[in-house]
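data21.cif (mmCIF, C-alpha atoms and all ligand atoms) appears below.
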data_coords
#
loop_
_atom_site.group_PDB
_atom_site.id
_atom_site.type_symbol
_atom_site.label_atom_id
_atom_site.label_comp_id
_atom_site.auth_asym_id
_atom_site.auth_seq_id
_atom_site.Cartn_x
_atom_site.Cartn_y
_atom_site.Cartn_z
ATOM 1 C CA MET Y 1 11.325 34.908 38.366
ATOM 2 C CA ALA Y 2 12.097 32.219 40.967
ATOM 3 C CA LEU Y 3 10.153 28.943 40.812
ATOM 4 C CA GLN Y 4 8.671 29.581 44.280
ATOM 5 C CA ASP Y 5 7.017 32.737 42.993
ATOM 6 C CA TRP Y 6 5.030 30.614 40.593
ATOM 7 C CA GLY Y 7 4.077 28.200 43.389
ATOM 8 C CA ILE Y 8 6.173 25.522 41.675
ATOM 9 C CA ARG Y 9 8.635 24.213 44.212
ATOM 10 C CA PRO Y 10 11.148 21.565 43.219
ATOM 11 C CA VAL Y 11 10.412 18.052 44.458
ATOM 12 C CA THR Y 12 12.151 17.262 47.756
ATOM 13 C CA PRO Y 13 14.752 14.593 46.922
ATOM 14 C CA ILE Y 14 14.054 11.271 48.630
ATOM 15 C CA THR Y 15 17.079 9.661 50.301
ATOM 16 C CA ASP Y 16 18.081 6.069 49.528
ATOM 17 C CA GLU Y 17 16.943 5.004 52.974
ATOM 18 C CA GLN Y 18 13.542 6.694 52.624
ATOM 19 C CA PHE Y 19 13.135 5.246 49.148
ATOM 20 C CA SER Y 20 13.801 1.696 50.465
ATOM 21 C CA LEU Y 21 11.340 2.160 53.306
ATOM 22 C CA TRP Y 22 8.545 3.460 51.060
ATOM 23 C CA GLN Y 23 9.244 0.946 48.301
ATOM 24 C CA ALA Y 24 9.093 -1.975 50.781
ATOM 25 C CA GLN Y 25 5.879 -0.728 52.365
ATOM 26 C CA ILE Y 26 4.120 -0.128 49.055
ATOM 27 C CA GLU Y 27 5.181 -3.469 47.664
ATOM 28 C CA ALA Y 28 4.074 -5.344 50.787
ATOM 29 C CA ARG Y 29 0.651 -3.710 50.596
ATOM 30 C CA THR Y 30 -0.007 -3.657 46.865
ATOM 31 C CA GLY Y 31 2.522 -5.854 45.076
ATOM 32 C CA ILE Y 32 3.584 -2.817 43.027
ATOM 33 C CA THR Y 33 7.366 -2.451 42.859
ATOM 34 C CA PHE Y 34 9.255 0.779 42.407
ATOM 35 C CA THR Y 35 12.617 0.060 40.833
ATOM 36 C CA GLN Y 36 15.234 2.809 40.565
ATOM 37 C CA THR Y 37 13.835 3.627 37.112
ATOM 38 C CA ARG Y 38 10.480 4.434 38.653
ATOM 39 C CA ARG Y 39 11.983 6.296 41.594
ATOM 40 C CA PRO Y 40 11.170 9.742 40.119
ATOM 41 C CA PHE Y 41 7.497 8.730 39.770
ATOM 42 C CA LEU Y 42 7.395 7.664 43.423
ATOM 43 C CA GLU Y 43 9.150 10.855 44.467
ATOM 44 C CA ILE Y 44 6.755 13.087 42.538
ATOM 45 C CA SER Y 45 3.642 11.171 43.646
ATOM 46 C CA LEU Y 46 4.616 11.261 47.316
ATOM 47 C CA SER Y 47 5.786 14.860 47.350
ATOM 48 C CA THR Y 48 2.714 16.104 45.459
ATOM 49 C CA ARG Y 49 0.468 14.475 48.030
ATOM 50 C CA MET Y 50 2.624 15.694 50.924
ATOM 51 C CA ARG Y 51 2.432 19.250 49.618
ATOM 52 C CA GLU Y 52 -1.358 19.017 49.415
ATOM 53 C CA ILE Y 53 -1.554 18.240 53.129
ATOM 54 C CA GLY Y 54 1.279 20.518 54.257
ATOM 55 C CA ILE Y 55 3.969 17.932 55.017
ATOM 56 C CA ASP Y 56 7.480 18.355 53.635
ATOM 57 C CA ASP Y 57 9.310 15.410 55.178
ATOM 58 C CA TYR Y 58 9.014 11.869 53.796
ATOM 59 C CA ASP Y 59 9.535 10.366 57.272
ATOM 60 C CA VAL Y 60 6.756 12.437 58.820
ATOM 61 C CA TYR Y 61 4.419 11.418 56.000
ATOM 62 C CA TYR Y 62 5.426 7.773 56.449
ATOM 63 C CA GLU Y 63 4.489 7.982 60.148
ATOM 64 C CA LEU Y 64 1.124 9.451 59.197
ATOM 65 C CA VAL Y 65 0.372 6.691 56.687
ATOM 66 C CA MET Y 66 1.357 4.063 59.250
ATOM 67 C CA SER Y 67 -0.802 5.412 62.060
ATOM 68 C CA GLY Y 68 -4.315 4.161 62.821
ATOM 69 C CA ILE Y 69 -7.521 5.237 61.134
ATOM 70 C CA SER Y 70 -6.114 8.502 59.764
ATOM 71 C CA GLY Y 71 -3.284 6.498 58.197
ATOM 72 C CA GLU Y 72 -5.770 4.140 56.557
ATOM 73 C CA ARG Y 73 -7.709 7.083 55.153
ATOM 74 C CA GLU Y 74 -4.521 8.639 53.802
ATOM 75 C CA TRP Y 75 -3.476 5.311 52.289
ATOM 76 C CA VAL Y 76 -6.686 5.243 50.215
ATOM 77 C CA VAL Y 77 -5.681 8.565 48.632
ATOM 78 C CA LEU Y 78 -2.049 7.610 48.187
ATOM 79 C CA VAL Y 79 -2.603 4.239 46.549
ATOM 80 C CA ASP Y 80 -4.681 5.963 43.899
ATOM 81 C CA ARG Y 81 -1.745 8.264 43.151
ATOM 82 C CA LEU Y 82 0.788 5.433 42.992
ATOM 83 C CA ALA Y 83 -1.076 3.100 40.653
ATOM 84 C CA VAL Y 84 -0.955 3.606 36.897
ATOM 85 C CA GLN Y 85 -4.573 3.878 35.750
ATOM 86 C CA GLU Y 86 -4.109 4.152 32.004
ATOM 87 C CA THR Y 87 -6.845 2.251 30.177
ATOM 88 C CA SER Y 88 -9.184 2.493 27.195
ATOM 89 C CA PHE Y 89 -12.272 0.865 25.694
ATOM 90 C CA PHE Y 90 -11.539 -2.428 23.918
ATOM 91 C CA ARG Y 91 -7.862 -2.103 24.752
ATOM 92 C CA HIS Y 92 -5.939 -4.831 22.976
ATOM 93 C CA ALA Y 93 -8.407 -5.989 20.318
ATOM 94 C CA SER Y 94 -7.062 -9.564 20.089
ATOM 95 C CA SER Y 95 -7.948 -10.262 23.716
ATOM 96 C CA TYR Y 96 -11.525 -9.180 23.046
ATOM 97 C CA ALA Y 97 -11.618 -11.273 19.875
ATOM 98 C CA LEU Y 98 -10.631 -14.279 21.979
ATOM 99 C CA VAL Y 99 -13.367 -13.540 24.514
ATOM 100 C CA GLU Y 100 -15.817 -13.209 21.636
ATOM 101 C CA GLN Y 101 -14.836 -16.647 20.350
ATOM 102 C CA TYR Y 102 -15.269 -18.143 23.824
ATOM 103 C CA ILE Y 103 -18.683 -16.516 24.382
ATOM 104 C CA LYS Y 104 -19.836 -17.691 20.977
ATOM 105 C CA GLN Y 105 -19.132 -21.284 21.974
ATOM 106 C CA ARG Y 106 -20.966 -20.825 25.263
ATOM 107 C CA LEU Y 107 -23.994 -19.294 23.558
ATOM 108 C CA ALA Y 108 -24.159 -22.239 21.175
ATOM 109 C CA ASP Y 109 -24.458 -24.541 24.186
ATOM 110 C CA LYS Y 110 -28.176 -24.783 24.989
ATOM 111 C CA SER Y 111 -27.424 -25.930 28.535
ATOM 112 C CA CYS Y 112 -25.587 -22.650 29.230
ATOM 113 C CA TYR Y 113 -27.862 -20.287 31.133
ATOM 114 C CA SER Y 114 -25.392 -17.856 32.724
ATOM 115 C CA LEU Y 115 -22.134 -16.087 31.981
ATOM 116 C CA ASN Y 116 -19.856 -14.573 34.594
ATOM 117 C CA LEU Y 117 -16.940 -12.347 33.703
ATOM 118 C CA TRP Y 118 -14.413 -10.614 35.938
ATOM 119 C CA SER Y 119 -12.296 -7.595 35.131
ATOM 120 C CA ALA Y 120 -9.511 -7.706 37.752
ATOM 121 C CA GLY Y 121 -7.773 -4.330 37.930
ATOM 122 C CA CYS Y 122 -10.591 -2.545 36.115
ATOM 123 C CA SER Y 123 -9.280 1.012 36.564
ATOM 124 C CA THR Y 124 -11.870 3.642 35.544
ATOM 125 C CA GLY Y 125 -14.256 1.098 34.036
ATOM 126 C CA GLU Y 126 -13.479 1.056 30.322
ATOM 127 C CA GLU Y 127 -12.541 -2.636 30.480
ATOM 128 C CA PRO Y 128 -15.627 -4.024 32.261
ATOM 129 C CA TYR Y 129 -17.923 -1.820 30.164
ATOM 130 C CA SER Y 130 -16.244 -3.087 26.978
ATOM 131 C CA LEU Y 131 -16.821 -6.660 28.137
ATOM 132 C CA ALA Y 132 -20.459 -5.837 28.865
ATOM 133 C CA PHE Y 133 -20.974 -4.280 25.402
ATOM 134 C CA LEU Y 134 -19.424 -7.346 23.802
ATOM 135 C CA VAL Y 135 -21.585 -9.849 25.701
ATOM 136 C CA GLU Y 136 -24.720 -7.756 25.243
ATOM 137 C CA GLU Y 137 -24.172 -7.578 21.479
ATOM 138 C CA MET Y 138 -23.544 -11.301 21.240
ATOM 139 C CA ILE Y 139 -26.573 -12.277 23.292
ATOM 140 C CA THR Y 140 -28.719 -10.156 20.992
ATOM 141 C CA ASN Y 141 -27.129 -11.487 17.800
ATOM 142 C CA HIS Y 142 -27.481 -15.098 18.923
ATOM 143 C CA GLN Y 143 -30.966 -14.537 20.359
ATOM 144 C CA ARG Y 144 -29.944 -15.910 23.730
ATOM 145 C CA GLN Y 145 -31.805 -13.385 25.886
ATOM 146 C CA ASP Y 146 -32.604 -16.323 28.165
ATOM 147 C CA ILE Y 147 -29.012 -16.162 29.433
ATOM 148 C CA PHE Y 148 -28.174 -14.134 32.520
ATOM 149 C CA TYR Y 149 -24.799 -12.421 32.464
ATOM 150 C CA GLY Y 150 -22.933 -10.411 35.063
ATOM 151 C CA ILE Y 151 -19.595 -8.686 35.230
ATOM 152 C CA THR Y 152 -17.531 -8.305 38.384
ATOM 153 C CA ALA Y 153 -15.101 -5.389 38.241
ATOM 154 C CA THR Y 154 -12.488 -4.938 40.945
ATOM 155 C CA ASP Y 155 -9.618 -2.583 41.648
ATOM 156 C CA ILE Y 156 -7.428 -1.667 44.604
ATOM 157 C CA SER Y 157 -8.258 2.046 44.348
ATOM 158 C CA PHE Y 158 -11.515 3.425 45.780
ATOM 159 C CA PRO Y 159 -11.331 6.806 43.952
ATOM 160 C CA THR Y 160 -10.793 4.980 40.662
ATOM 161 C CA LEU Y 161 -13.764 2.706 41.338
ATOM 162 C CA THR Y 162 -15.940 5.743 42.063
ATOM 163 C CA LYS Y 163 -15.148 7.069 38.585
ATOM 164 C CA ALA Y 164 -15.771 3.634 37.092
ATOM 165 C CA LYS Y 165 -19.203 3.403 38.730
ATOM 166 C CA GLN Y 166 -20.185 6.818 37.387
ATOM 167 C CA GLY Y 167 -19.329 5.644 33.892
ATOM 168 C CA ILE Y 168 -18.851 9.187 32.564
ATOM 169 C CA TYR Y 169 -16.253 9.687 29.828
ATOM 170 C CA ILE Y 170 -15.185 12.639 27.752
ATOM 171 C CA GLU Y 171 -15.937 12.302 24.050
ATOM 172 C CA ARG Y 172 -12.255 11.731 23.226
ATOM 173 C CA LYS Y 173 -12.295 8.490 25.246
ATOM 174 C CA LEU Y 174 -14.973 7.104 22.923
ATOM 175 C CA GLN Y 175 -12.999 7.747 19.764
ATOM 176 C CA GLY Y 176 -12.495 4.567 17.803
ATOM 177 C CA MET Y 177 -15.650 2.985 19.180
ATOM 178 C CA PRO Y 178 -18.192 2.240 16.438
ATOM 179 C CA ASP Y 179 -21.012 4.800 16.454
ATOM 180 C CA ALA Y 180 -23.529 1.971 16.728
ATOM 181 C CA LEU Y 181 -22.131 1.027 20.159
ATOM 182 C CA LYS Y 182 -21.671 4.618 21.235
ATOM 183 C CA PHE Y 183 -25.271 5.613 20.544
ATOM 184 C CA LYS Y 184 -26.691 2.364 21.855
ATOM 185 C CA TYR Y 185 -24.860 2.200 25.176
ATOM 186 C CA PHE Y 186 -24.104 5.832 26.090
ATOM 187 C CA THR Y 187 -26.112 8.993 26.607
ATOM 188 C CA GLN Y 188 -24.571 12.361 25.876
ATOM 189 C CA LEU Y 189 -24.742 14.645 28.887
ATOM 190 C CA GLY Y 190 -26.009 18.229 28.892
ATOM 191 C CA ASN Y 191 -22.499 19.702 28.776
ATOM 192 C CA LYS Y 192 -22.122 18.045 25.307
ATOM 193 C CA ARG Y 193 -18.577 17.009 26.244
ATOM 194 C CA ASP Y 194 -19.273 13.914 28.334
ATOM 195 C CA TRP Y 195 -21.025 10.636 27.650
ATOM 196 C CA GLN Y 196 -22.443 8.353 30.340
ATOM 197 C CA VAL Y 197 -22.910 4.612 30.140
ATOM 198 C CA ASN Y 198 -26.620 3.763 30.233
ATOM 199 C CA SER Y 199 -27.974 2.304 33.448
ATOM 200 C CA ASP Y 200 -29.052 -1.047 31.947
ATOM 201 C CA ILE Y 201 -25.377 -1.778 31.240
ATOM 202 C CA LYS Y 202 -24.207 -0.323 34.547
ATOM 203 C CA ASN Y 203 -26.631 -2.603 36.355
ATOM 204 C CA ARG Y 204 -24.830 -5.597 34.870
ATOM 205 C CA ILE Y 205 -21.595 -4.667 36.609
ATOM 206 C CA ALA Y 206 -20.772 -5.168 40.284
ATOM 207 C CA PHE Y 207 -17.865 -2.904 41.190
ATOM 208 C CA ALA Y 208 -15.897 -3.820 44.307
ATOM 209 C CA GLN Y 209 -12.635 -2.880 45.957
ATOM 210 C CA LEU Y 210 -10.202 -5.780 45.927
ATOM 211 C CA ASN Y 211 -6.471 -5.926 46.374
ATOM 212 C CA LEU Y 212 -5.018 -8.730 44.256
ATOM 213 C CA MET Y 213 -2.608 -9.360 47.120
ATOM 214 C CA GLU Y 214 -5.617 -10.434 49.203
ATOM 215 C CA LEU Y 215 -7.324 -12.742 46.757
ATOM 216 C CA ASP Y 216 -7.895 -15.321 49.482
ATOM 217 C CA LYS Y 217 -10.576 -12.940 50.827
ATOM 218 C CA ALA Y 218 -12.394 -12.751 47.483
ATOM 219 C CA PRO Y 219 -15.558 -14.846 47.306
ATOM 220 C CA PHE Y 220 -15.525 -15.184 43.506
ATOM 221 C CA ALA Y 221 -15.724 -18.547 41.771
ATOM 222 C CA ASP Y 222 -16.956 -20.264 38.595
ATOM 223 C CA MET Y 223 -15.960 -17.439 36.293
ATOM 224 C CA ASP Y 224 -16.271 -17.939 32.543
ATOM 225 C CA VAL Y 225 -13.755 -15.231 31.781
ATOM 226 C CA ILE Y 226 -11.189 -13.534 33.993
ATOM 227 C CA PHE Y 227 -9.606 -10.564 32.296
ATOM 228 C CA CYS Y 228 -6.471 -9.297 34.034
ATOM 229 C CA GLN Y 229 -4.429 -7.078 31.782
ATOM 230 C CA ASN Y 230 -1.791 -4.437 32.497
ATOM 231 C CA VAL Y 231 -2.125 -4.913 36.243
ATOM 232 C CA LEU Y 232 0.715 -7.257 37.099
ATOM 233 C CA ILE Y 233 3.374 -5.448 35.073
ATOM 234 C CA TYR Y 234 5.014 -3.947 38.161
ATOM 235 C CA PHE Y 235 4.691 -7.107 40.270
ATOM 236 C CA ARG Y 236 7.688 -9.344 40.969
ATOM 237 C CA ARG Y 237 7.710 -12.667 39.214
ATOM 238 C CA PHE Y 238 6.806 -14.791 42.231
ATOM 239 C CA ARG Y 239 3.907 -12.501 43.105
ATOM 240 C CA LYS Y 240 2.597 -12.621 39.531
ATOM 241 C CA ARG Y 241 2.624 -16.392 39.729
ATOM 242 C CA ASP Y 242 0.782 -16.384 43.064
ATOM 243 C CA VAL Y 243 -1.901 -14.008 41.769
ATOM 244 C CA VAL Y 244 -2.360 -15.818 38.470
ATOM 245 C CA THR Y 245 -2.567 -19.196 40.218
ATOM 246 C CA GLN Y 246 -5.255 -17.882 42.531
ATOM 247 C CA LEU Y 247 -7.170 -16.281 39.667
ATOM 248 C CA ALA Y 248 -7.066 -19.540 37.717
ATOM 249 C CA MET Y 249 -8.769 -21.351 40.577
ATOM 250 C CA ARG Y 250 -11.704 -18.917 40.288
ATOM 251 C CA LEU Y 251 -12.505 -20.146 36.777
ATOM 252 C CA ARG Y 252 -15.200 -22.659 35.980
ATOM 253 C CA ILE Y 253 -13.906 -25.728 34.175
ATOM 254 C CA GLY Y 254 -13.592 -24.590 30.553
ATOM 255 C CA GLY Y 255 -13.350 -20.914 31.551
ATOM 256 C CA ILE Y 256 -10.521 -18.702 30.321
ATOM 257 C CA LEU Y 257 -7.994 -16.431 32.002
ATOM 258 C CA VAL Y 258 -6.888 -13.610 29.700
ATOM 259 C CA LEU Y 259 -3.662 -11.831 30.648
ATOM 260 C CA GLY Y 260 -1.684 -9.106 28.890
ATOM 261 C CA VAL Y 261 0.754 -10.415 26.289
ATOM 262 C CA GLY Y 262 4.194 -10.917 27.855
ATOM 263 C CA GLU Y 263 2.935 -10.306 31.375
ATOM 264 C CA ILE Y 264 4.006 -13.690 32.663
ATOM 265 C CA MET Y 265 6.753 -15.964 31.385
ATOM 266 C CA ASP Y 266 7.378 -19.697 31.818
ATOM 267 C CA TRP Y 267 4.276 -20.237 33.903
ATOM 268 C CA GLN Y 268 2.262 -23.419 33.833
ATOM 269 C CA HIS Y 269 -0.437 -24.855 36.010
ATOM 270 C CA PRO Y 270 -1.596 -28.475 36.086
ATOM 271 C CA SER Y 271 -5.262 -27.429 35.884
ATOM 272 C CA LEU Y 272 -4.765 -25.176 32.856
ATOM 273 C CA GLU Y 273 -3.835 -25.357 29.215
ATOM 274 C CA ARG Y 274 -2.591 -22.506 27.071
ATOM 275 C CA VAL Y 275 -5.181 -21.142 24.641
ATOM 276 C CA GLU Y 276 -3.650 -20.805 21.190
ATOM 277 C CA TYR Y 277 -5.002 -17.556 19.802
ATOM 278 C CA ALA Y 278 -2.887 -15.017 17.906
ATOM 279 C CA ASP Y 279 -1.455 -12.089 19.849
ATOM 280 C CA THR Y 280 -2.934 -13.122 23.191
ATOM 281 C CA LEU Y 281 -1.814 -14.715 26.434
ATOM 282 C CA ALA Y 282 -4.633 -16.868 27.770
ATOM 283 C CA TYR Y 283 -5.236 -20.127 29.627
ATOM 284 C CA ARG Y 284 -8.201 -22.480 29.810
ATOM 285 C CA ARG Y 285 -9.079 -24.393 32.959
ATOM 286 C CA ILE Y 286 -9.294 -28.066 32.092
ATOM 287 C CA VAL Y 287 -9.789 -29.700 35.500
HETATM 288 C C1 LIG U 1 -2.914 0.230 33.954
HETATM 289 S S1 LIG U 1 -4.443 -0.058 34.766
HETATM 290 C C2 LIG U 1 -5.092 -1.352 33.739
HETATM 291 C C3 LIG U 1 -6.569 -1.223 33.529
HETATM 292 C C4 LIG U 1 -7.153 -2.271 32.586
HETATM 293 N N1 LIG U 1 -7.022 -3.588 33.130
HETATM 294 C C5 LIG U 1 -6.530 -2.187 31.215
HETATM 295 O O1 LIG U 1 -5.792 -3.080 30.825
HETATM 296 O O2 LIG U 1 -6.777 -1.215 30.512
HETATM 297 C C6 LIG U 1 -3.920 -0.945 36.237
HETATM 298 C C7 LIG U 1 -4.969 -0.985 37.334
HETATM 299 O O3 LIG U 1 -4.577 -1.987 38.283
HETATM 300 C C8 LIG U 1 -4.895 -1.528 39.576
HETATM 301 N N2 LIG U 1 -4.052 -2.244 40.552
HETATM 302 C C9 LIG U 1 -2.729 -2.088 40.789
HETATM 303 N N3 LIG U 1 -2.335 -2.886 41.785
HETATM 304 C C10 LIG U 1 -3.422 -3.575 42.176
HETATM 305 C C11 LIG U 1 -3.657 -4.554 43.176
HETATM 306 N N4 LIG U 1 -2.696 -4.986 44.003
HETATM 307 N N5 LIG U 1 -4.905 -5.040 43.306
HETATM 308 C C12 LIG U 1 -5.908 -4.619 42.499
HETATM 309 N N6 LIG U 1 -5.756 -3.688 41.556
HETATM 310 C C13 LIG U 1 -4.527 -3.171 41.389
HETATM 311 C C14 LIG U 1 -4.632 -0.033 39.518
HETATM 312 O O4 LIG U 1 -5.320 0.669 40.523
HETATM 313 C C15 LIG U 1 -5.091 0.319 38.110
HETATM 314 O O5 LIG U 1 -6.413 0.766 38.092
#
Could the structure of this file be written out as structure tokens, please?
Amino acid sequence: MALQDWGIRPVTPITDEQFSLWQAQIEARTGITFTQTRRPFLEISLSTRMREIGIDDYDVYYELVMSGISGEREWVVLVDRLAVQETSFFRHASSYALVEQYIKQRLADKSCYSLNLWSAGCSTGEEPYSLAFLVEEMITNHQRQDIFYGITATDISFPTLTKAKQGIYIERKLQGMPDALKFKYFTQLGNKRDWQVNSDIKNRIAFAQLNLMELDKAPFADMDVIFCQNVLIYFRRFRKRDVVTQLAMRLRIGGILVLGVGEIMDWQHPSLERVEYADTLAYRRIV
């Protein structure tokens, strides 16, 4: 039986010229690069979306995305398809261990009365919720309920943020999380398959759409912890440096910027020092 009869049509091949045009536009808007290796992913993502809305020509779709309000609406859908959203609770344990060490020091400081954390590129919420569970546990263990804490969670994709705000995860996503945390911070839903983050934790998190390419518009400052992991992997080196420099300036003095291991090389900043902690890539603001 022919593929068409199954409703599975082959992906329309993108020409070199169309690929360059799309790659340049996406990079200018998001920082995300599509090298030749990732060309098939771009091709499949674009053609899947085009098929959904009945367009079979990359140039026609490009015109649509570039045109006015309807183009802006379409861009919101497309950017969600182009970004890699893979994430998990407590992803990369060493980074959380480092945050734990930092928070412990802050809680020991009796003049500390607030903690502000930022998950930049938060995807579907597992990262900011993990940070919230960690801080909540530590505040309880150190009997520092007098401290206010808040988490800012940002991402470029609106659909992804909608999922993050709902805080609903299938049971499989919670595997590996200690039962004590699971039963304390989640409620199992009626369908028995999904678990939802409890509202007292959700209320600690302010979700907002933010493109890291437009950090100059972000009003955030005085952060204790900025967590930005697995977001800049597809950014060019100079863009990574720009973003990381801007993030660093949103830290309070003493605050830490936690990146993914290997995500930036040979980068230094006069206001920062490298935090020496095994299997992590982090910087502390010193001035
Ligand atoms: C692979 S996920 C990482 C999620 C989480 N930080 C983690 O490590 O598990 C990357 C996220 O970065 C977001 N992202 C990509 N480019 C971005 C940009 N220019 N500004 C803000 N977020 C972006 C994507 O939408 C996606 O949700």
**OP:** Find the residues near ligand LIG 1 (chain U). Use a cut-off of 6 Å, count all atoms listed in the file, and write them as a ChimeraX atom specification.
**Re:** /Y:30-31,83-88,91,121-123,127,155-157,210-213,228-231
**OP:** Any chance you could resolve the PyMOL selection byres (((chain Y and resi 11) around 9) and not hetatm) against this file and give the residues as an NGL selection string?
**Re:** :Y and (9-10 or 12-14 or 43-44 or 47-48)
Subject >> Reference answer for the PyMOL selection byres (((chain Y and resi 192) around 12) and not hetatm), as a PyMOL selection string >> reply: chain Y and resi 168-172+187-191+193-196
**OP:** Give me the residues within 6 Å of Y:Val197 as a PyMOL selection string, counting all atoms listed in the file and dropping any in the same chain fewer than 5 places off.
**Re:** chain Y and resi 167+185-186
Original post:
Counting only C-alpha atoms, what is within 12 Å of Y:Glu263, bar same-chain residues fewer than 3 positions away, as a PyMOL selection string?
Top reply: chain Y and resi 228-237+239-241+244+258-260+266-267+280-282
**OP:** To one decimal in Å, tell me the separation between atom CA of Y:Gly254 and atom CA of Y:Tyr113.
**Re:**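 If I compute the distance from atom CA of Y:Gly254 to atom CA of Y:Tyr113, I get 14.9 Å.
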Original post:
Written as an MDAnalysis selection string, what is the full residue list that the PyMOL selection byres (((chain Y and resi 164) around 9) and not hetatm) yields on the file shown?
Top reply: chainID Y and resid 122:126 159:163 165:168 207
Original post:
Using all atoms listed in the file, which residue out of Y:Leu98, Y:Leu247, Y:Leu82, Y:Leu64 lies closest to Y:Phe41?
Top reply: Y:Leu82
Give me the residues within 9 Å of Y:Ala132 as an mmCIF file with C-alpha atoms, keeping the file's coordinate frame, counting only C-alpha atoms and dropping any in the same chain fewer than 6 places off.
data_model
loop_
_atom_site.group_PDB
_atom_site.id
_atom_site.type_symbol
_atom_site.label_atom_id
_atom_site.label_comp_id
_atom_site.auth_asym_id
_atom_site.auth_seq_id
_atom_site.Cartn_x
_atom_site.Cartn_y
_atom_site.Cartn_z
ATOM 1 C CA LEU Y 117 -16.940 -12.347 33.703
ATOM 2 C CA TYR Y 149 -24.799 -12.421 32.464
ATOM 3 C CA GLY Y 150 -22.933 -10.411 35.063
ATOM 4 C CA ILE Y 151 -19.595 -8.686 35.230
ATOM 5 C CA ILE Y 201 -25.377 -1.778 31.240
ATOM 6 C CA LYS Y 202 -24.207 -0.323 34.547
ATOM 7 C CA ARG Y 204 -24.830 -5.597 34.870
ATOM 8 C CA ILE Y 205 -21.595 -4.667 36.609
#
Subject >> Computed interatomic separation between atom CA of Y:Leu257 and atom CA of Y:Tyr283 (Å) >> reply: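 For atom CA of Y:Leu257 relative to atom CA of Y:Tyr283, the distance reads 5.2 Å.
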**OP:** Would you mind reading off the distance between atom CA of Y:Leu78 and atom CA of Y:Gly54, one decimal, in Å?
**Re:**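 That distance, rounded to one decimal, is 14.6 Å.
Compared by their closest atoms to Y:Val275, and using all atoms listed in the file, the residues Y:Val99, Y:Ala206, Y:Leu107, Y:Leu251 rank with Y:Val99 nearest.
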Subject >> Counting only C-alpha atoms, the residue of Y:Val225, Y:Gly176, Y:Ser119, Y:Lys104 that sits nearest Y:Gln143 >> reply: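 Result for the nearest residue to Y:Gln143: Y:Lys104.
Of the residues listed (Y:Ile147, Y:Ala153, Y:Val76, Y:Arg81), Y:Ile147 shows the shortest atom-to-atom separation from Y:Asp109; distances use all atoms listed in the file.
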Original post:
Of the candidates Y:Thr245, Y:Ser20, Y:Gln268, Y:Ser45, which shows the shortest atom-to-atom distance to Y:Thr33, using all atoms listed in the file?
Top reply: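 Of all the options, Y:Ser20 lies closest to Y:Thr33.
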